[in-house]
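Asker: You'll find data.pdb just under this line, and it carries PDB, C-alpha atoms.
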```
ATOM      1  CA  MET A   1     -32.370  26.118  29.118
ATOM      2  CA  ASN A   2     -29.440  25.958  31.541
ATOM      3  CA  ARG A   3     -30.382  22.456  32.693
ATOM      4  CA  GLN A   4     -30.847  21.194  29.136
ATOM      5  CA  ILE A   5     -27.482  22.601  28.057
ATOM      6  CA  MET A   6     -25.740  21.013  31.028
ATOM      7  CA  GLU A   7     -27.446  17.673  30.377
ATOM      8  CA  TYR A   8     -26.217  17.814  26.794
ATOM      9  CA  LEU A   9     -22.637  18.985  27.444
ATOM     10  CA  THR A  10     -21.800  17.041  30.629
ATOM     11  CA  PRO A  11     -21.370  13.588  29.039
ATOM     12  CA  MET A  12     -18.855  15.024  26.555
ATOM     13  CA  LEU A  13     -16.970  17.499  28.740
ATOM     14  CA  GLY A  14     -17.598  16.460  32.322
ATOM     15  CA  GLU A  15     -19.749  18.440  34.735
ATOM     16  CA  ALA A  16     -17.125  20.929  35.921
ATOM     17  CA  THR A  17     -15.867  21.785  32.429
ATOM     18  CA  ALA A  18     -19.386  22.097  31.030
ATOM     19  CA  ALA A  19     -20.465  24.361  33.909
ATOM     20  CA  ASN A  20     -17.380  26.560  33.674
ATOM     21  CA  MET A  21     -17.668  26.850  29.917
ATOM     22  CA  LEU A  22     -21.333  27.779  30.124
ATOM     23  CA  LYS A  23     -20.665  30.391  32.823
ATOM     24  CA  HIS A  24     -17.796  31.874  30.801
ATOM     25  CA  TYR A  25     -19.856  32.317  27.656
ATOM     26  CA  CYS A  26     -22.854  33.634  29.562
ATOM     27  CA  VAL A  27     -20.631  36.326  31.071
ATOM     28  CA  ARG A  28     -19.365  37.190  27.596
ATOM     29  CA  MET A  29     -22.966  37.425  26.364
ATOM     30  CA  LYS A  30     -23.985  39.385  29.488
ATOM     31  CA  ILE A  31     -26.687  36.961  30.590
ATOM     32  CA  ALA A  32     -26.939  34.848  33.715
ATOM     33  CA  PRO A  33     -26.843  31.086  33.067
ATOM     34  CA  GLU A  34     -30.264  30.683  34.677
ATOM     35  CA  ASP A  35     -31.651  33.360  32.324
ATOM     36  CA  ILE A  36     -30.694  31.619  29.085
ATOM     37  CA  GLN A  37     -33.664  31.523  26.739
ATOM     38  CA  ALA A  38     -34.190  29.547  23.557
ATOM     39  CA  SER A  39     -33.544  32.747  21.591
ATOM     40  CA  HIS A  40     -29.988  32.910  23.011
ATOM     41  CA  MET A  41     -29.053  29.435  21.823
ATOM     42  CA  PRO A  42     -27.896  30.182  18.257
ATOM     43  CA  ASP A  43     -25.507  32.909  19.464
ATOM     44  CA  LEU A  44     -24.351  30.812  22.404
ATOM     45  CA  ALA A  45     -23.683  27.848  20.120
ATOM     46  CA  VAL A  46     -21.580  29.974  17.753
ATOM     47  CA  ALA A  47     -19.690  31.603  20.631
ATOM     48  CA  MET A  48     -18.855  28.255  22.252
ATOM     49  CA  ARG A  49     -17.689  26.562  19.071
ATOM     50  CA  PRO A  50     -13.981  27.587  19.190
ATOM     51  CA  MET A  51     -13.568  26.370  22.756
ATOM     52  CA  LEU A  52     -15.504  23.190  22.045
ATOM     53  CA  ALA A  53     -12.986  22.495  19.277
ATOM     54  CA  VAL A  54     -10.234  22.299  21.903
ATOM     55  CA  TRP A  55     -11.901  19.264  23.482
ATOM     56  CA  LEU A  56     -13.854  17.782  20.604
ATOM     57  CA  GLY A  57     -11.937  18.746  17.469
ATOM     58  CA  SER A  58     -13.404  20.948  14.771
ATOM     59  CA  ALA A  59     -15.879  18.363  13.465
ATOM     60  CA  GLY A  60     -17.086  17.548  16.971
ATOM     61  CA  ALA A  61     -17.420  21.229  17.828
ATOM     62  CA  GLU A  62     -19.433  21.847  14.682
ATOM     63  CA  GLN A  63     -21.797  18.999  15.541
ATOM     64  CA  VAL A  64     -22.255  20.172  19.142
ATOM     65  CA  SER A  65     -22.847  23.730  17.933
ATOM     66  CA  ILE A  66     -25.541  22.477  15.572
ATOM     67  CA  GLU A  67     -27.132  20.405  18.336
ATOM     68  CA  LEU A  68     -27.129  23.306  20.805
ATOM     69  CA  ALA A  69     -28.858  25.522  18.250
ATOM     70  CA  ARG A  70     -31.339  22.711  17.566
ATOM     71  CA  LEU A  71     -31.982  22.385  21.302
ATOM     72  CA  GLY A  72     -32.912  26.068  21.352
ATOM     73  CA  ARG A  73     -35.242  25.712  18.380
ATOM     74  CA  LYS A  74     -36.895  22.694  19.988
ATOM     75  CA  ALA A  75     -37.415  24.596  23.254
ATOM     76  CA  ALA A  76     -38.901  27.491  21.309
ATOM     77  CA  GLY A  77     -41.291  25.136  19.547
ATOM     78  CA  LYS A  78     -39.830  25.740  16.090
TER      79      LYS A  78
END
```
Kindly present the structure from the file in structure tokens form.
Answerer:
Amino acid sequence: MNRQIMEYLTPMLGEATAANMLKHYCVRMKIAPEDIQASHMPDLAVAMRPMLAVWLGSAGAEQVSIELARLGRKAAGK
């Protein structure tokens, strides 16, 4: 999931910001970025939303949060 998240976030945030943001929230959730599973995506999306709002505004953050959760559901085959 790490690669898919980075592929999704990088065009909006840039590679360094996306990577740092993902690492930060993984630490908060006590998981390694390479260990992210589809089941983590809804919680990760919610956790990242406030910081995403800094760069994307509240509407943009909401949309990205929805898309990240959708990415997790897609990976899980739901």
Asker: Out of A:Ala16, A:Met6, A:Met1, A:Met41, which residue has the shortest atom-to-atom distance to Met29 of chain A when counting all atoms listed in the file?
Answerer: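 Closest to Met29 of chain A, using all atoms listed in the file: A:Met41.
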Asker: For Gln63 of chain A, please output as a list in words all residues within 12 Å (counting all atoms listed in the file; exclusion window: fewer than 2 positions along the same chain).
Answerer: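 Everything that qualifies: Leu9, Ala45, Val46, Met48, Arg49, Leu52, Ala53, Leu56, Gly57, Ser58, Ala59, Gly60, Ala61, Ser65, Ile66, Glu67, Leu68, Ala69 and Arg70 of chain A.
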Asker: Skip Ile5 of chain A itself and residues of its chain fewer than 5 positions away, then list as a PyMOL selection string all residues within 12 Å of it, counting all atoms listed in the file.
Answerer: chain A and resi 10-13+15+18-19+21-23+33-34+36-38+40-41+44-45+48+64-65+67-72+75
Asker: Go through A:Glu62, A:Asn2, A:Met51, A:Arg73 and flag the residue nearest Ile31 of chain A, using all atoms listed in the file for the distances.
Answerer: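 Of all the options, A:Asn2 lies closest to Ile31 of chain A.
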Asker: Please determine an axis-aligned box that encloses all atoms of segment 63-76 of chain A listed in the file, with 5 Å added on each side, and express its centre and edge lengths in Å to one decimal as JSON.
Answerer:
```
{"center_x": -30.3, "center_y": 23.2, "center_z": 19.4, "size_x": 27.1, "size_y": 18.5, "size_z": 17.7}
```
Asker: Please measure the separation of atom CA of Lys74 of chain A and atom CA of Arg3 of chain A, giving the value in Å to one decimal.
Answerer: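 Going from atom CA of Lys74 of chain A over to atom CA of Arg3 of chain A covers 14.3 Å.
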Asker: Expressed in Å to a single decimal, how great is the separation between atom CA of Val54 of chain A and atom CA of Ser39 of chain A?
Answerer: 25.5 Å
Asker: Can you tell me how far atom CA of Trp55 of chain A sits from atom CA of Asn20 of chain A, in Å to one decimal?
Answerer: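 Atom CA of Asn20 of chain A lies 13.7 Å from atom CA of Trp55 of chain A.
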